[in-house]
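Engineer: This is upload.txt (compact mmCIF, C-alpha atoms).
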```txt
# COMPACT_ATOMS: atom_id res chain seq x y z
CA MET A 13 325.04 87.62 146.58
CA PHE A 14 323.44 91.06 147.00
CA PRO A 15 325.84 93.77 145.70
CA GLU A 16 325.39 96.11 148.66
CA ASN A 17 328.43 98.20 147.67
CA VAL A 18 326.45 99.79 144.82
CA PHE A 19 323.15 100.37 146.62
CA PRO A 20 322.17 103.29 148.90
CA ASP A 21 323.23 103.22 152.54
CA THR A 22 319.74 102.29 153.72
CA ALA A 23 319.14 99.47 151.23
CA GLU A 24 318.22 96.13 152.75
CA ILE A 25 316.45 92.90 151.87
CA ASP A 26 313.37 91.99 153.90
CA GLY A 27 312.42 88.51 155.05
CA GLU A 28 310.63 87.79 151.78
CA GLY A 29 313.68 88.68 149.68
CA ARG A 30 312.33 92.06 148.57
CA LEU A 31 314.41 95.20 148.14
CA VAL A 32 313.80 98.02 150.63
CA ILE A 33 315.25 101.54 150.24
CA GLY A 34 314.93 104.22 152.90
CA GLY A 35 312.42 102.01 154.73
CA CYS A 36 310.21 101.80 151.62
CA GLY A 37 309.62 98.66 149.59
CA ALA A 38 310.91 99.07 146.05
CA VAL A 39 307.99 97.18 144.53
CA ASP A 40 305.58 99.33 146.55
CA LEU A 41 307.27 102.48 145.24
CA ALA A 42 306.91 101.23 141.68
CA GLU A 43 303.21 100.62 142.24
CA GLU A 44 302.66 104.03 143.86
CA TYR A 45 304.58 106.19 141.40
CA GLY A 46 304.56 104.05 138.27
CA THR A 47 307.59 103.04 136.27
CA PRO A 48 310.19 103.96 135.30
CA VAL A 49 310.80 105.81 138.56
CA TYR A 50 314.06 107.05 140.03
CA VAL A 51 314.31 106.66 143.80
CA LEU A 52 316.71 108.91 145.72
CA ASP A 53 317.69 107.94 149.26
CA GLU A 54 317.90 111.09 151.40
CA ALA A 55 320.15 109.52 154.02
CA THR A 56 322.76 108.59 151.42
CA LEU A 57 322.67 112.09 149.95
CA ARG A 58 323.22 113.71 153.32
CA ASN A 59 325.83 111.17 154.43
CA ARG A 60 327.88 111.81 151.31
CA CYS A 61 327.68 115.59 151.72
CA ARG A 62 328.82 115.30 155.34
CA SER A 63 331.62 112.90 154.51
CA TYR A 64 333.07 115.26 151.91
CA ARG A 65 332.91 118.20 154.27
CA ARG A 66 334.42 116.23 157.14
CA GLU A 67 337.29 114.65 155.20
CA PHE A 68 338.38 117.82 153.39
CA GLU A 69 337.68 120.44 156.06
CA SER A 70 339.48 118.42 158.75
CA ARG A 71 342.61 118.27 156.62
CA CYS A 72 342.34 121.74 155.10
CA PRO A 73 340.37 124.20 157.26
CA GLY A 74 338.24 126.53 155.16
CA ALA A 75 337.95 124.06 152.27
CA GLN A 76 334.68 124.41 150.37
CA VAL A 77 332.68 121.57 148.87
CA LEU A 78 330.72 122.56 145.76
CA TYR A 79 328.14 120.08 144.49
CA ALA A 80 328.51 119.56 140.73
CA SER A 81 324.97 120.18 139.52
CA LYS A 82 325.51 118.58 136.12
CA ALA A 83 325.30 115.17 137.82
CA TYR A 84 321.66 116.05 138.59
CA ILE A 85 319.90 119.02 140.13
CA ASN A 86 316.33 120.00 140.86
CA PRO A 87 314.80 122.29 143.49
CA ALA A 88 314.37 119.61 146.17
CA LEU A 89 317.96 118.44 145.78
CA ALA A 90 319.29 122.01 145.76
CA ARG A 91 317.58 122.62 149.10
CA ILE A 92 319.23 119.53 150.61
CA ILE A 93 322.64 120.61 149.28
CA ASN A 94 322.15 124.04 150.86
CA GLU A 95 321.03 122.55 154.17
CA GLU A 96 324.22 120.48 154.25
CA GLY A 97 326.37 123.59 153.83
CA LEU A 98 327.70 122.92 150.34
CA GLY A 99 328.04 125.37 147.49
CA LEU A 100 327.12 124.68 143.86
CA ASP A 101 329.03 124.21 140.63
CA VAL A 102 326.68 125.06 137.73
CA VAL A 103 327.30 124.78 134.00
CA SER A 104 324.30 126.53 132.48
CA GLY A 105 321.78 129.28 132.99
CA GLY A 106 319.22 126.56 133.68
CA GLU A 107 321.18 125.10 136.58
CA LEU A 108 321.73 128.62 137.90
CA ALA A 109 318.00 129.26 137.62
CA VAL A 110 317.27 126.24 139.85
CA ALA A 111 319.60 127.65 142.49
CA ASP A 112 318.01 131.08 142.12
CA ALA A 113 314.50 129.65 142.41
CA VAL A 114 315.16 128.09 145.83
CA GLU A 115 317.08 131.15 147.08
CA PHE A 116 320.36 129.26 147.24
CA PRO A 117 323.09 131.69 148.39
CA LEU A 118 324.45 132.68 145.01
CA GLU A 119 327.75 133.85 146.44
CA LYS A 120 328.43 130.12 146.93
CA VAL A 121 327.76 129.31 143.26
CA TYR A 122 330.55 128.83 140.71
CA PHE A 123 329.65 129.04 137.01
CA HIS A 124 331.53 126.64 134.69
CA GLY A 125 331.23 125.88 130.98
CA ASN A 126 333.31 126.15 127.83
CA ASN A 127 330.87 128.29 125.82
CA LYS A 128 328.66 130.34 128.12
CA SER A 129 326.34 132.66 126.24
CA ARG A 130 326.15 136.41 126.73
CA GLU A 131 322.65 135.94 128.16
CA GLU A 132 323.88 133.38 130.69
CA LEU A 133 326.79 135.54 131.80
CA ALA A 134 324.62 138.65 132.08
CA TYR A 135 322.12 136.70 134.18
CA ALA A 136 324.89 135.41 136.44
CA VAL A 137 326.42 138.87 136.93
CA GLU A 138 323.02 140.47 137.52
CA ARG A 139 322.11 137.89 140.19
CA GLY A 140 325.42 138.28 142.01
CA ILE A 141 327.02 134.91 141.33
CA GLY A 142 330.06 134.13 143.44
CA ARG A 143 332.56 133.16 140.75
CA VAL A 144 332.64 132.69 137.02
CA VAL A 145 335.16 130.03 135.99
CA VAL A 146 336.50 131.49 132.75
CA ASP A 147 337.20 128.95 130.02
CA SER A 148 338.12 130.95 126.89
CA PHE A 149 339.48 134.29 125.68
CA HIS A 150 336.11 134.95 124.05
CA GLU A 151 334.37 134.50 127.37
CA MET A 152 336.84 136.66 129.26
CA ALA A 153 336.37 139.58 126.90
CA MET A 154 332.59 139.20 126.98
CA LEU A 155 332.49 138.97 130.78
CA GLU A 156 334.71 142.05 131.13
CA GLU A 157 332.25 143.98 128.98
CA ILE A 158 329.17 142.68 130.86
CA ALA A 159 330.67 143.40 134.28
CA GLY A 160 331.63 146.91 133.14
CA GLU A 161 328.11 147.59 131.91
CA ALA A 162 326.77 146.38 135.26
CA GLY A 163 329.20 148.62 137.14
CA ARG A 164 330.71 145.83 139.18
CA GLU A 165 333.86 143.78 139.53
CA GLN A 166 333.24 140.10 138.85
CA GLU A 167 335.43 137.61 140.66
CA ILE A 168 336.71 134.79 138.47
CA LEU A 169 338.75 131.62 138.45
CA ILE A 170 340.70 130.70 135.34
CA ARG A 171 340.34 127.12 134.15
CA VAL A 172 343.64 125.66 133.05
CA SER A 173 344.33 122.35 131.36
CA PRO A 174 347.33 120.62 132.95
CA GLY A 175 347.82 118.03 130.18
CA ILE A 176 347.46 115.03 132.49
CA ASP A 177 345.53 111.90 131.49
CA PRO A 178 343.36 110.46 134.31
CA HIS A 179 342.87 107.15 132.44
CA THR A 180 339.09 107.27 132.19
CA HIS A 181 336.78 107.10 129.17
CA ALA A 182 337.84 109.33 126.27
CA TYR A 183 334.47 111.11 126.30
CA THR A 184 334.85 112.09 129.96
CA THR A 185 338.52 113.07 129.93
CA THR A 186 338.85 116.84 130.21
CA GLY A 187 342.34 117.78 131.45
CA ILE A 188 344.49 116.73 128.48
CA ILE A 189 345.82 119.06 125.80
CA ASP A 190 343.33 117.77 123.19
CA SER A 191 340.20 119.00 124.97
CA LYS A 192 337.62 121.68 124.40
CA PHE A 193 337.93 122.69 128.06
CA GLY A 194 340.33 125.13 129.67
CA PHE A 195 343.44 127.13 128.77
CA SER A 196 346.31 124.79 128.00
CA ILE A 197 349.43 125.25 130.08
CA GLN A 198 351.53 123.52 127.40
CA THR A 199 350.54 125.86 124.56
CA GLY A 200 351.01 129.02 126.59
CA ASP A 201 347.31 129.92 126.52
CA ALA A 202 347.01 129.55 130.31
CA GLY A 203 349.71 132.13 130.88
CA ARG A 204 348.14 134.55 128.41
CA ALA A 205 344.75 134.08 130.09
CA ILE A 206 346.15 134.89 133.51
CA ARG A 207 347.76 138.07 132.22
CA GLN A 208 344.57 139.09 130.43
CA GLY A 209 342.53 138.48 133.59
CA LEU A 210 344.96 140.41 135.78
CA GLY A 211 344.84 143.33 133.36
CA ALA A 212 341.05 143.47 133.13
CA SER A 213 339.35 146.49 134.69
CA HIS A 214 336.18 144.70 135.82
CA LEU A 215 337.45 141.20 136.65
CA LYS A 216 339.31 139.99 139.71
CA VAL A 217 341.30 136.78 139.38
CA LYS A 218 340.84 134.80 142.60
CA GLY A 219 342.65 131.65 141.55
CA LEU A 220 342.93 128.69 139.23
CA HIS A 221 340.78 125.68 138.46
CA PHE A 222 341.37 122.44 136.61
CA HIS A 223 339.33 119.29 136.04
CA LEU A 224 340.83 116.02 134.87
CA GLY A 225 337.74 114.01 133.93
CA SER A 226 335.32 111.53 135.48
CA PRO A 227 335.08 108.97 136.97
CA ILE A 228 338.69 108.74 138.15
CA PHE A 229 339.65 105.59 140.06
CA GLU A 230 343.29 106.57 140.48
CA LEU A 231 344.80 108.95 143.03
CA GLU A 232 348.08 109.74 141.28
CA PRO A 233 346.58 112.02 138.58
CA TYR A 234 345.22 114.34 141.30
CA ALA A 235 348.62 114.54 142.98
CA ALA A 236 350.48 115.12 139.71
CA ALA A 237 348.08 117.77 138.43
CA THR A 238 347.85 119.60 141.76
CA ASP A 239 351.63 119.83 141.98
CA LEU A 240 351.97 120.90 138.34
CA VAL A 241 349.32 123.64 138.49
CA LEU A 242 350.65 125.06 141.76
CA ARG A 243 354.15 125.28 140.31
CA PHE A 244 352.72 126.94 137.23
CA ALA A 245 350.83 129.48 139.38
CA ALA A 246 353.93 130.29 141.41
CA GLY A 247 355.55 131.62 138.25
CA PHE A 248 353.03 134.46 138.14
CA ARG A 249 353.45 135.80 141.69
CA GLU A 250 355.55 138.72 140.55
CA GLU A 251 352.95 139.58 137.91
CA GLY A 252 350.26 139.95 140.55
CA LEU A 253 348.61 136.53 140.76
CA ALA A 254 347.59 136.03 144.38
CA LEU A 255 346.40 132.42 144.46
CA GLU A 256 343.54 132.85 146.92
CA GLU A 257 341.49 129.89 145.64
CA PHE A 258 342.52 126.61 144.08
CA SER A 259 340.29 123.89 142.64
CA PRO A 260 341.31 120.44 141.39
CA GLY A 261 337.70 119.92 140.28
CA GLY A 262 335.92 116.66 140.97
CA GLY A 263 335.55 113.44 139.03
CA PHE A 264 335.64 111.18 142.08
CA ALA A 265 334.61 107.64 141.21
CA ILE A 266 331.85 105.43 142.57
CA ALA A 267 331.25 101.69 142.27
CA TYR A 268 328.83 100.70 139.51
CA THR A 269 329.47 96.97 139.78
CA ARG A 270 330.24 94.69 142.70
CA GLU A 271 333.85 94.25 141.52
CA GLN A 272 334.71 97.95 141.50
CA GLU A 273 336.51 99.45 144.50
CA PRO A 274 337.00 103.20 144.09
CA PRO A 275 339.15 105.08 146.60
CA GLY A 276 337.41 106.29 149.72
CA ILE A 277 336.58 109.97 150.13
CA TRP A 278 339.30 110.17 152.77
CA GLU A 279 341.86 108.85 150.26
CA TYR A 280 341.01 111.53 147.70
CA ALA A 281 341.21 114.13 150.49
CA GLU A 282 344.53 112.83 151.79
CA THR A 283 346.07 112.85 148.32
CA ILE A 284 344.85 116.29 147.26
CA VAL A 285 345.41 118.08 150.55
CA GLY A 286 348.74 116.36 151.17
CA THR A 287 350.05 117.45 147.77
CA LEU A 288 348.63 120.96 148.20
CA ARG A 289 350.37 121.43 151.53
CA ALA A 290 353.70 119.92 150.46
CA THR A 291 353.97 121.87 147.21
CA CYS A 292 352.88 125.17 148.76
CA GLU A 293 355.44 124.74 151.53
CA GLU A 294 358.20 123.99 149.03
CA LEU A 295 357.29 126.99 146.88
CA GLY A 296 356.68 129.38 149.76
CA LEU A 297 353.02 129.84 148.80
CA ALA A 298 350.29 130.58 151.28
CA ILE A 299 347.79 127.70 151.23
CA PRO A 300 344.81 128.88 149.15
CA THR A 301 341.19 128.10 149.88
CA LEU A 302 340.62 124.62 148.49
CA LEU A 303 337.52 124.02 146.38
CA ILE A 304 336.34 120.55 145.37
CA GLU A 305 333.43 119.63 143.13
CA PRO A 306 331.92 116.18 143.80
CA GLY A 307 328.71 115.43 141.91
CA ARG A 308 328.46 111.81 140.80
CA SER A 309 329.93 110.60 144.09
CA ILE A 310 327.20 112.35 146.09
CA VAL A 311 324.04 111.70 144.10
CA GLY A 312 325.08 108.60 142.16
CA PRO A 313 325.03 106.07 145.03
CA ALA A 314 321.77 107.57 146.34
CA GLY A 315 319.78 106.72 143.21
CA VAL A 316 318.05 103.51 142.15
CA ALA A 317 316.09 103.19 138.90
CA LEU A 318 313.00 100.94 138.99
CA TYR A 319 311.58 99.47 135.78
CA ARG A 320 308.76 97.06 134.94
CA ILE A 321 309.41 94.09 132.69
CA GLY A 322 307.29 93.73 129.57
CA ALA A 323 308.20 91.62 126.55
CA ILE A 324 310.63 88.70 126.92
CA LYS A 325 312.36 87.25 123.86
CA ASP A 326 314.35 84.03 124.20
CA ILE A 327 316.66 83.16 121.29
CA PRO A 328 317.86 79.61 122.10
CA GLY A 329 321.61 79.35 122.18
CA VAL A 330 322.01 83.07 121.58
CA ARG A 331 320.46 85.42 124.16
CA LYS A 332 317.39 86.06 126.27
CA TYR A 333 316.16 89.65 126.00
CA VAL A 334 314.13 91.04 128.88
CA SER A 335 312.62 94.36 127.85
CA VAL A 336 311.69 97.08 130.32
CA ASP A 337 309.63 100.28 130.12
CA GLY A 338 312.63 102.59 130.15
CA GLY A 339 316.07 102.52 128.58
CA MET A 340 318.39 104.91 126.79
CA GLY A 341 315.88 107.76 127.09
CA ASP A 342 316.40 107.85 130.86
CA ASN A 343 319.87 106.27 131.00
CA ILE A 344 322.06 106.98 127.99
CA ARG A 345 325.28 105.94 129.75
CA PRO A 346 325.47 102.28 128.59
CA ALA A 347 324.96 103.33 124.95
CA LEU A 348 327.23 106.37 125.20
CA TYR A 349 330.04 105.18 127.48
CA GLN A 350 329.54 101.40 127.51
CA ALA A 351 328.77 101.80 131.20
CA GLU A 352 328.01 98.66 133.19
CA TYR A 353 325.46 98.29 135.98
CA GLU A 354 324.30 95.72 138.50
CA VAL A 355 320.68 94.56 138.17
CA VAL A 356 318.46 92.91 140.78
CA SER A 357 314.88 91.72 140.70
CA ALA A 358 313.28 94.00 143.29
CA GLY A 359 310.69 91.44 144.36
CA LYS A 360 313.06 88.50 144.69
CA VAL A 361 316.62 89.42 145.49
CA ASN A 362 318.60 86.20 145.47
CA VAL A 363 320.55 86.59 148.70
CA ASP A 364 320.39 82.95 149.77
CA GLY A 365 319.98 81.03 146.54
CA ARG A 366 316.29 80.43 147.08
CA TRP A 367 315.47 81.08 143.40
CA ASP A 368 316.84 79.49 140.26
CA GLU A 369 318.69 82.00 138.10
CA GLU A 370 319.13 82.56 134.38
CA LYS A 371 321.34 84.79 132.23
CA VAL A 372 319.44 87.65 130.61
CA THR A 373 320.07 90.94 128.81
CA ILE A 374 318.05 93.96 129.95
CA ALA A 375 316.85 95.85 126.88
CA GLY A 376 315.06 99.18 126.72
CA LYS A 377 311.95 100.14 124.78
CA TYR A 378 313.57 102.65 122.43
CA CYS A 379 313.93 102.06 118.70
CA GLU A 380 317.66 101.44 118.71
CA SER A 381 319.46 98.09 118.79
CA GLY A 382 322.00 99.72 121.09
CA ASP A 383 319.31 100.41 123.68
CA VAL A 384 320.58 97.87 126.20
CA LEU A 385 320.92 98.68 129.91
CA ALA A 386 322.81 95.55 130.99
CA SER A 387 324.11 92.52 129.09
CA ASP A 388 324.36 88.94 130.32
CA VAL A 389 323.35 89.46 133.94
CA MET A 390 322.14 86.70 136.25
CA LEU A 391 318.63 87.13 137.65
CA PRO A 392 316.03 84.89 139.27
CA ILE A 393 313.71 83.68 136.53
CA VAL A 394 311.59 86.73 135.69
CA GLU A 395 308.26 87.29 134.02
CA ALA A 396 306.29 90.19 132.60
CA GLY A 397 305.21 92.60 135.33
CA ASP A 398 308.21 92.01 137.60
CA ILE A 399 310.14 95.04 138.85
CA ILE A 400 313.88 95.28 138.36
CA ALA A 401 316.19 97.71 140.12
CA ILE A 402 319.38 99.26 138.75
CA PRO A 403 321.49 100.97 141.46
CA ALA A 404 324.10 103.74 141.28
CA ALA A 405 321.67 105.54 138.97
CA GLY A 406 321.38 108.95 140.62
CA ALA A 407 324.05 110.70 138.53
CA TYR A 408 323.86 111.54 134.83
CA CYS A 409 320.87 109.27 134.21
CA PRO A 410 318.10 111.79 135.03
CA SER A 411 320.23 114.79 134.01
CA MET A 412 320.90 113.41 130.51
CA ALA A 413 317.39 112.02 130.04
CA SER A 414 315.65 112.80 126.76
CA ASN A 415 312.28 112.52 125.09
CA TYR A 416 313.58 110.26 122.33
CA ASN A 417 310.67 108.52 120.56
CA LEU A 418 308.54 111.10 122.43
CA ASN A 419 308.60 109.08 125.63
CA PRO A 420 307.97 111.05 128.83
CA ARG A 421 310.87 111.37 131.24
CA PRO A 422 310.46 109.41 134.49
CA ALA A 423 309.21 110.50 137.88
CA MET A 424 311.55 110.83 140.85
CA ALA A 425 310.79 110.08 144.50
CA LEU A 426 312.78 110.94 147.62
CA VAL A 427 312.71 108.32 150.38
CA GLY A 428 313.68 108.25 154.04
CA ASP A 429 312.53 106.80 157.37
CA GLY A 430 309.82 104.76 155.68
CA GLU A 431 308.28 107.77 153.92
CA SER A 432 308.41 108.84 150.29
CA ARG A 433 307.48 111.95 148.37
CA LEU A 434 307.47 112.91 144.73
CA ILE A 435 310.15 115.49 143.86
CA ARG A 436 309.70 115.31 140.09
CA ARG A 437 306.45 114.21 138.48
CA ARG A 438 306.39 112.10 135.37
CA GLU A 439 306.07 114.13 132.17
CA SER A 440 302.81 113.97 130.30
CA TYR A 441 302.35 113.91 126.54
CA GLY A 442 301.11 117.48 126.86
CA ASP A 443 304.34 118.50 128.62
CA MET A 444 306.33 117.29 125.65
CA MET A 445 304.31 119.46 123.23
CA ILE A 446 304.09 122.59 125.37
CA CYS A 447 306.79 124.43 123.41
CA ASP A 448 305.58 123.37 119.99
CA LEU A 449 303.80 125.93 117.80
```
Could you render the structure as structure tokens?

Structural biologist:
Amino acid sequence: MFPENVFPDTAEIDGEGRLVIGGCGAVDLAEEYGTPVYVLDEATLRNRCRSYRREFESRCPGAQVLYASKAYINPALARIINEEGLGLDVVSGGELAVADAVEFPLEKVYFHGNNKSREELAYAVERGIGRVVVDSFHEMAMLEEIAGEAGREQEILIRVSPGIDPHTHAYTTTGIIDSKFGFSIQTGDAGRAIRQGLGASHLKVKGLHFHLGSPIFELEPYAAATDLVLRFAAGFREEGLALEEFSPGGGFAIAYTREQEPPGIWEYAETIVGTLRATCEELGLAIPTLLIEPGRSIVGPAGVALYRIGAIKDIPGVRKYVSVDGGMGDNIRPALYQAEYEVVSAGKVNVDGRWDEEKVTIAGKYCESGDVLASDVMLPIVEAGDIIAIPAAGAYCPSMASNYNLNPRPAMALVGDGESRLIRRRESYGDMMICDL
């Protein structure tokens, strides 16, 4: 059965059993742009942006949706995000530079990161960034100095760590006490950071931020952390903390396999906004501007990776390896997080049992035994030259891509209404040596 829950909104299977995305045949896209190629469905991108705005703004007027650029950003995507009325969450000078290059309204950009450099902060202040989300005492002192030299007051949020476990992978858990991110509430650092920010001459504390991790399939951690951080903030009213903005971060889950059923956007919104309203009412706090930071859950479902099969190695009674022309260089997640994906044969999607199937393991081309994209998946019998498609690939696959083994990073195409266009060309060998001396 076709796992439609993990494919873009426009995905369908034509009469010949071939995968179609945004009105474009997947096999045709592979032929036109080469492989590996990442296909982004524009309709899914825009639908997700609109759903987040609708669900949060309807429950909390004035709420702002900030796209988390670390999931993936490039100029074409930044323009779409701007057109849909979202702001940006950036975590590096490079992500900020993309926003700057397309004239994204920088007052709607929030700068995160646990170890921002002086050069990055100076660039952000110079360009008039909306908020810097301060993550350490070192950063706060440095930003105070930079803002003073620039003769301006920089608005900030303070990132706190609420000490709540969201029950996701250890590598993507960020809100517990044992984390490099944020000022811990439990150790007292969060309180000291608030006082330092309030006492700074060139910083203005607008509110608090926390982030629990990603992807989070449970709702309760958002409710617990929202309540805890609001109660913590209320203790600083008499010291001058006016909680104008409040962010519970992002981390909203998506389905990677047909069995997964993450909460709907409306459920995240209902939980977060409901807790925000109830706790503020109990504490006598004015409801602050709510900021949320979806990334994976916007771009992830829009992306499909297309690969071409090369070598096939059948070890009787053990495993059948089907090797493709990509792998951990363009999708490190299975090796890093043990992430699981669905796989379909783009030219013969077995929706009605018309093809005999076999169990195979999809291996990459990189010189690592751990370079496996999917283990023990059922596919119609494949052969060299066939195209396979891996859905839910729009987030963290392209953004964490590398040139390991000096392989060029893949191309990316945007599709919609039967048309496609290249939004990132494939790297050349020359591109990979351009910085070498």

Engineer: Taking 4 positions as the minimum chain separation for residues in the same chain, which residues sit within 6 Å of Ser335 of chain A when counting only C-alpha atoms? Answer as a list in words.

Structural biologist: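 Using only C-alpha atoms, the neighbours found are Ile321, Gly322, Ala323, Ile374, Ala375 and Gly376 of chain A.
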
Engineer: Go through A:Ser309, A:Asn17, A:Thr291, A:Ser191 and flag the residue nearest Glu273 of chain A, using only C-alpha atoms for the distances.

Structural biologist: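 Among the listed residues, A:Asn17 lies closest to Glu273 of chain A.
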
Engineer: Fewer than 6 positions away in the same chain doesn't count, so skip those; otherwise give me all residues within 9 Å of segment 100-107 of chain A, counting only C-alpha atoms, as a PDB file with C-alpha atoms, in the frame of the given file.

Structural biologist:
```pdb
ATOM      1  CA  VAL A  77     332.680 121.570 148.870  1.00  0.00           C
ATOM      2  CA  LEU A  78     330.720 122.560 145.760  1.00  0.00           C
ATOM      3  CA  TYR A  79     328.140 120.080 144.490  1.00  0.00           C
ATOM      4  CA  ALA A  80     328.510 119.560 140.730  1.00  0.00           C
ATOM      5  CA  SER A  81     324.970 120.180 139.520  1.00  0.00           C
ATOM      6  CA  LYS A  82     325.510 118.580 136.120  1.00  0.00           C
ATOM      7  CA  ILE A  85     319.900 119.020 140.130  1.00  0.00           C
ATOM      8  CA  ASN A  86     316.330 120.000 140.860  1.00  0.00           C
ATOM      9  CA  ALA A  90     319.290 122.010 145.760  1.00  0.00           C
ATOM     10  CA  ILE A  93     322.640 120.610 149.280  1.00  0.00           C
ATOM     11  CA  ASN A  94     322.150 124.040 150.860  1.00  0.00           C
ATOM     12  CA  PHE A 116     320.360 129.260 147.240  1.00  0.00           C
ATOM     13  CA  LEU A 118     324.450 132.680 145.010  1.00  0.00           C
ATOM     14  CA  LYS A 120     328.430 130.120 146.930  1.00  0.00           C
ATOM     15  CA  VAL A 121     327.760 129.310 143.260  1.00  0.00           C
ATOM     16  CA  TYR A 122     330.550 128.830 140.710  1.00  0.00           C
ATOM     17  CA  PHE A 123     329.650 129.040 137.010  1.00  0.00           C
ATOM     18  CA  HIS A 124     331.530 126.640 134.690  1.00  0.00           C
ATOM     19  CA  GLY A 125     331.230 125.880 130.980  1.00  0.00           C
ATOM     20  CA  ASN A 126     333.310 126.150 127.830  1.00  0.00           C
ATOM     21  CA  LYS A 128     328.660 130.340 128.120  1.00  0.00           C
ATOM     22  CA  SER A 129     326.340 132.660 126.240  1.00  0.00           C
ATOM     23  CA  GLU A 131     322.650 135.940 128.160  1.00  0.00           C
ATOM     24  CA  GLU A 132     323.880 133.380 130.690  1.00  0.00           C
ATOM     25  CA  LEU A 133     326.790 135.540 131.800  1.00  0.00           C
ATOM     26  CA  TYR A 135     322.120 136.700 134.180  1.00  0.00           C
ATOM     27  CA  ALA A 136     324.890 135.410 136.440  1.00  0.00           C
ATOM     28  CA  GLU A 305     333.430 119.630 143.130  1.00  0.00           C
ATOM     29  CA  GLY A 307     328.710 115.430 141.910  1.00  0.00           C
TER      30      GLY A 307
END
```

Engineer: Quick check, in Å to one decimal: how far apart do atom CA of Leu155 of chain A and atom CA of Leu215 of chain A lie?

Structural biologist: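 Pair atom CA of Leu155 of chain A / atom CA of Leu215 of chain A returns 8.0 Å.
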
Engineer: Give me the residues within 8 Å of segment 299-301 of chain A as JSON, numbers by chain, counting all atoms listed in the file and dropping any in the same chain fewer than 2 places off.

Structural biologist: {"A": [74, 75, 76, 255, 256, 257, 258, 288, 289, 292, 297, 303]}

Engineer: So which residues are close to (315.2, 81.6, 138.2), meaning at most 6 Å away in the file's coordinates with all atoms listed in the file counted, and can you show them as a ChimeraX atom specification?

Structural biologist: /A:367-370,392-393

Engineer: Counting only C-alpha atoms, what is within 12 Å of Ala153 of chain A, bar same-chain residues fewer than 6 positions away, as a list in words?

Structural biologist: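 Surrounding residues, per the criterion: Arg130, Leu133, Val146, Asp147, Ala159, Gly160, Ala205, Gln208, Gly209, Gly211, Ala212, Ser213, His214 and Leu215 of chain A.
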
Engineer: Would you export the selected residues with C-alpha atoms as a PDB file, keeping the file's coordinate frame, please?

Structural biologist:
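Result file follows (result_34.pdb):
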```
ATOM      1  CA  ARG A 130     326.150 136.410 126.730  1.00  0.00           C
ATOM      2  CA  LEU A 133     326.790 135.540 131.800  1.00  0.00           C
ATOM      3  CA  VAL A 146     336.500 131.490 132.750  1.00  0.00           C
ATOM      4  CA  ASP A 147     337.200 128.950 130.020  1.00  0.00           C
ATOM      5  CA  ALA A 159     330.670 143.400 134.280  1.00  0.00           C
ATOM      6  CA  GLY A 160     331.630 146.910 133.140  1.00  0.00           C
ATOM      7  CA  ALA A 205     344.750 134.080 130.090  1.00  0.00           C
ATOM      8  CA  GLN A 208     344.570 139.090 130.430  1.00  0.00           C
ATOM      9  CA  GLY A 209     342.530 138.480 133.590  1.00  0.00           C
ATOM     10  CA  GLY A 211     344.840 143.330 133.360  1.00  0.00           C
ATOM     11  CA  ALA A 212     341.050 143.470 133.130  1.00  0.00           C
ATOM     12  CA  SER A 213     339.350 146.490 134.690  1.00  0.00           C
ATOM     13  CA  HIS A 214     336.180 144.700 135.820  1.00  0.00           C
ATOM     14  CA  LEU A 215     337.450 141.200 136.650  1.00  0.00           C
TER      15      LEU A 215
END
```

Engineer: With a distance cut-off of 9 Å and all atoms listed in the file, select the neighbouring residues of Ala83 of chain A, excluding the residue or stretch itself and same-chain residues fewer than 5 positions from it, and output the selection as an MDAnalysis selection string.

Structural biologist: chainID A and resid 306:308 310:312 406:412

Engineer: Report the closest atom pair, with its distance in Å rounded to one decimal, for each residue of segment 362-430 of chain A that has an atom no farther than 12 Å from segment 51-60 of chain A; count all atoms listed in the file, sort by chain and then rising residue number, and write it as a tab-separated table.

Structural biologist:
```
residue	atom	partner	partner_atom	distance
A:Ala401	CA	A:Val51	CA	9.9
A:Ile402	CA	A:Val51	CA	10.3
A:Pro403	CA	A:Val51	CA	9.5
A:Ala404	CA	A:Leu52	CA	10.1
A:Ala405	CA	A:Val51	CA	8.9
A:Gly406	CA	A:Leu52	CA	6.9
A:Ala407	CA	A:Leu52	CA	10.4
A:Cys409	CA	A:Val51	CA	11.9
A:Pro410	CA	A:Val51	CA	10.8
A:Pro422	CA	A:Val51	CA	10.4
A:Ala423	CA	A:Val51	CA	8.7
A:Met424	CA	A:Val51	CA	5.8
A:Ala425	CA	A:Val51	CA	5.0
A:Leu426	CA	A:Leu52	CA	4.8
A:Val427	CA	A:Asp53	CA	5.1
A:Gly428	CA	A:Glu54	CA	5.7
A:Asp429	CA	A:Ala55	CA	8.8
A:Gly430	CA	A:Asp53	CA	10.6
```

Engineer: Counting only C-alpha atoms, which of A:Cys379, A:Ile33, A:Ala386, A:Ala111 gets nearest to Asn417 of chain A?

Structural biologist: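 For Asn417 of chain A, the nearest of the given residues is A:Cys379.
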
Engineer: For a cut-off of 12 Å around (339.1, 100.3, 140.2), file coordinates, pick out all residues using all atoms listed in the file and list them as a list in words.

Structural biologist: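 It turns out the residues near that spot are His179, Thr180, Pro227, Ile228, Phe229, Glu230, Leu231, Phe264, Ala265, Ile266, Ala267, Tyr268, Thr269, Arg270, Glu271, Gln272, Glu273, Pro274, Pro275 and Gly276 of chain A.
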
Engineer: For atom CA of Val144 of chain A and atom CA of Arg171 of chain A, determine how far apart the two atoms are, in Å to one decimal place.

Structural biologist: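 Spanning atom CA of Val144 of chain A to atom CA of Arg171 of chain A is a straight-line distance of 9.9 Å.
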